[in-house]
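See structure below.
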Amino acid sequence: MPDKITRRSILKGGVAGSIASLLFRPKSSKAHQIKAYQNSMGVLVDLTRCVGCRSCEAACNAEQNMPEPAKPFTDMSVFDEGAHGHKRRTDETTLTVVNKYDVPGLDHPLFRKIQCNHCQEPACLTSCFVAAYTKTPEGAVIYNADVCVGCRTCMIACPFYIPTFKYSSAFDPKIVKCIFCYDTRLKYGQPPACVEACPQEALTFGKRKDLLKIGRRRIVDNKDKYEDHIYGEFEAGGTSWLYLSSVPFEKVGFDMTLPHQPILDSVKNFLGMVPMVLTIWPALFTGFHLLATRKEPHAKDENTTKQEVGE
Amino acid sequence: MKLFTSRDQQLPVTGSTKKDGTLWSLKERLFLGLSFDGYKQQMLRNPVNWFLFAILVVGLPLLLQRYGFGLGSVTHGSNDYPWGLVLGFGLFAMVPLSASGFLLGTTVCLFGRKDFHPIERLALLNGLLGYFFAVIYLEVDLGMPWRLPYPMVVSFGTGAVLFLVAWHVATYLSVQIAEVLPALFEWLDKPEWTYYIKRVTLGLTVAGIILSTLHQGALGALFTYAPAKIHPLWISTEFQWIHFLCSAIFAGLAMVIVSSTLIIKFLHWRCGKAFRENLDYMTIGLAKGASYAMITYLVIKLVAIAHDRNWEYLLTGWGLYYLLEIGIAVVLPMIMFAKGARDGWVGLIRVGAFITVIGIVWNRLNTSLVCFNWQMYQEIPHWKEVWLTVTLYAFYFITYRFIVYRLPIVFDWKESEK
Ligand code: SF4
Ligand code: SF4
Ligand code: SF4
């Protein structure tokens, strides 16, 4: 992977170097700008067009060979389910979920489909200590169950609460999440199953940079219809899946407090100091030792300390 | 055991040979110099064992259930709270409480404070067991425990904080084993084996400092992967690793005080002269060290709030909870340590140490569970998960006691004259 010198891999070099420098010498880690794949694909989700038919959920279930759900995909009562007073979320049998939002002052509900957003600088990927995730040039963030240890750090790290764990399995658990239909479709340039199934064209598949243009044009052409923001353009460093909405995004469940920098940026403070500790500490503490023990050269036999008690 | 030691002049076993000059056999050493029946008697008489037994009777089947039917069968299997109590306690609280090894190693070996020598081995053992059991907790919590060595041999996520933790904990565990081995060698009558270890003690100690600085900090840095999920008062992306490192210092020291207190109270027969006579003095010294670390901690906590401009959060309910934690878990024991150290009130220090230990557990659970997803809902761990956590702690306790009973940790081994 010669041309993949992203900030991520440089940081990798940073820590790898740090660990190596236990034996060799340290490398410094530097922050760089995100250099996402130029031809990354994406999907633009337009909340104003979605009618909550759940066709995408059904299509995904079939495409990814997921078990049949308890209630059929035509049953709309599921919108009121969801545990702990919260909307439904992805789980080990569901890669994507549509939720209903009743927005005050609006005569109809809004619906929002969630799935992996396929971040440009994925937190799940950068936090995994066995490199189980890969960001493909097409933009998909895929996962390799063969090396996953099941530590679930990726679930902690994902700012969108997307990866789920197959807790029900003792011998073959794994992380379950949307993979942009990479194996079956994206790889061959085809749109994912959920996009194809949408009867309302609420989901638009295309190159991320084109989708941003389309989104912006929709906003400009319909000034009173859309919020002047494309969710995912910058959030968490930018995502391949992008959203348009007619109401403020926090009213339809989006987290507007997310930093615009990649999640990795908040870990950098620590990663940056690792090489310093590795290089400075040995000399520093050996020096302390020499200073502290100089006065009593060769204090013999540590075994019989009969120290005066107290002062 | 107390009963036997007062009855039999030879007991407890404190050296290689009996009164009459013959060697204690390995079996006798294992049974503390008692006959099998005598050993059984002292075991059954101890109420603590019955308590442990009660924990294990329920806990062991739960452990089997976890391995047979998956994590979901003993926890809530929450996707919102991927890290539950087992990890929140077993990794994030056990590791700081086990910082004692590197701290006392540094004090004695590096700074030449030989006056702390009688408690050094206890601190090293406390460190070793803490880390070892952190790995055991991890083995219960990992989805695929059989893949534990993967980050070392199969696939390397070199840019991840957990990668660093894995490598450092593994390396540090070996360092700590090397540091505790001399006690085992003496007990096995092979003191000459310690020769090589003694020669590299300084190297081991410095390695311990580096590894500890980094992975104690790294445990904090793990939470900076979730900057938007944890309540701002408990997460500071700039300072999290320093917070965790600094609090590990007083946590480790307090844990040695707690452990030595329990040993001097309940295992008095096992304590050697140097340990018994110097313990008060050493406790005061540890408390002094801890109180300095605590005041530093308070300052950097304050710096973090100022830096992240989180002042307004202090006036909310979460802020009160935060102040309560700081007040009870840090300020209160800090004052107790300072007062106790100045006036020589060892009892006060010991109570303070208990509070500190519980306080650290509280802080780590706050970060990993209570204040995690603070805008969502509170996860109350499944009772089975709670029980499992306690069960593993019971194993920790049993192992700890088993070793302190036998190896020369708090007493000096009298070798046979050959
Ligand atoms: S949305 Fe979450 S799971 Fe998907 S790529 Fe981003 S961080 Fe990873
Ligand atoms: S659970 Fe698996 S994929 Fe996720 S961080 Fe851990 S090892 Fe990586
Ligand atoms: S992209 Fe594929 S895997 Fe992802 S939600 Fe759509 S259908 Fe499911």
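Simple scheme: letters A, B, ... for chains in structure tokens order, numbers from 1 for residues in each chain, numbers from 1 for ligands in the order shown.
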Taking a cut-off of 7 Å and counting only C-alpha atoms and all ligand atoms, can you build a table that, for each residue of chain A near ligand 3, reports the nearest atom pair and how far apart they are in Å (one decimal), sorted by chain then residue number, as CSV?
```
residue,atom,partner,partner_atom_place_in_ligand_line,distance
A:Cys56,CA,ligand 3,7 (S),6.7
A:Ala59,CA,ligand 3,7 (S),6.1
A:Cys60,CA,ligand 3,7 (S),3.7
A:Asn61,CA,ligand 3,8 (Fe),6.9
A:Glu63,CA,ligand 3,7 (S),6.4
A:Gln64,CA,ligand 3,3 (S),6.4
A:Leu95,CA,ligand 3,5 (S),5.5
A:Thr96,CA,ligand 3,5 (S),4.7
A:Gln115,CA,ligand 3,5 (S),5.3
A:Cys116,CA,ligand 3,4 (Fe),6.7
A:Cys178,CA,ligand 3,4 (Fe),4.0
A:Ile179,CA,ligand 3,3 (S),4.9
A:Phe180,CA,ligand 3,1 (S),3.5
A:Cys181,CA,ligand 3,2 (Fe),3.9
A:Pro192,CA,ligand 3,1 (S),4.8
A:Ala193,CA,ligand 3,7 (S),4.3
A:Cys194,CA,ligand 3,7 (S),4.2
A:Val195,CA,ligand 3,6 (Fe),6.6
```
Residues within 8 Å of ligand 2, counting only C-alpha atoms and all ligand atoms, as a PyMOL selection string: (chain A and resi 124-125+127-133+143-145+147-155+165+174-175) or (chain B and resi 143)
Could you save the residues just selected, with C-alpha atoms, as a PDB file, in the first residue's frame?
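Below you can see part-v4.pdb, which holds the result:
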```pdb
ATOM      1  CA  CYS A 124     -13.354   2.173  15.003  1.00  0.00           C
ATOM      2  CA  LEU A 125     -10.436   1.513  12.705  1.00  0.00           C
ATOM      3  CA  SER A 127      -8.827   2.223  17.934  1.00  0.00           C
ATOM      4  CA  CYS A 128      -8.565  -1.458  17.001  1.00  0.00           C
ATOM      5  CA  PHE A 129      -5.396  -3.042  18.328  1.00  0.00           C
ATOM      6  CA  VAL A 130      -5.378  -5.904  15.869  1.00  0.00           C
ATOM      7  CA  ALA A 131      -6.208  -3.800  12.805  1.00  0.00           C
ATOM      8  CA  ALA A 132      -9.400  -5.691  12.106  1.00  0.00           C
ATOM      9  CA  TYR A 133     -10.859  -2.785  10.139  1.00  0.00           C
ATOM     10  CA  TYR A 143     -14.142  -5.689   9.210  1.00  0.00           C
ATOM     11  CA  ASN A 144     -12.150  -8.893   9.456  1.00  0.00           C
ATOM     12  CA  ALA A 145     -13.649 -11.266  12.022  1.00  0.00           C
ATOM     13  CA  VAL A 147      -8.344 -11.414  13.835  1.00  0.00           C
ATOM     14  CA  CYS A 148     -10.844  -9.648  16.124  1.00  0.00           C
ATOM     15  CA  VAL A 149     -10.244 -10.364  19.784  1.00  0.00           C
ATOM     16  CA  GLY A 150     -13.566  -9.025  20.988  1.00  0.00           C
ATOM     17  CA  CYS A 151     -12.261  -6.210  23.156  1.00  0.00           C
ATOM     18  CA  ARG A 152     -15.019  -3.899  21.897  1.00  0.00           C
ATOM     19  CA  THR A 153     -12.896  -0.769  21.900  1.00  0.00           C
ATOM     20  CA  CYS A 154     -14.213  -0.007  18.444  1.00  0.00           C
ATOM     21  CA  MET A 155     -17.709   0.200  19.905  1.00  0.00           C
ATOM     22  CA  PHE A 165     -21.232  -7.276  19.270  1.00  0.00           C
ATOM     23  CA  LYS A 174     -17.891 -11.026  16.303  1.00  0.00           C
ATOM     24  CA  ILE A 175     -18.492  -7.387  15.579  1.00  0.00           C
TER      25      ILE A 175
ATOM     26  CA  GLY B 143     -15.251 -11.851  23.309  1.00  0.00           C
TER      27      GLY B 143
END
```
Pick from B:Gln42, B:Gln375, B:Ser259, B:Thr22 nearest to chain A, counting only C-alpha atoms: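 So, comparing all the options, the nearest one is B:Gln375.
Taking only C-alpha atoms into account, chain B lies nearest to A:Pro173 out of the set A:Pro199, A:Gly287, A:Pro173, A:Gly82.
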Within 12 Å of Leu63 of chain B using only C-alpha atoms, minus same-chain residues under 2 positions, as an MDAnalysis selection string: chainID B and resid 55:61 65:71 73:75 136:137 139:141 384:392
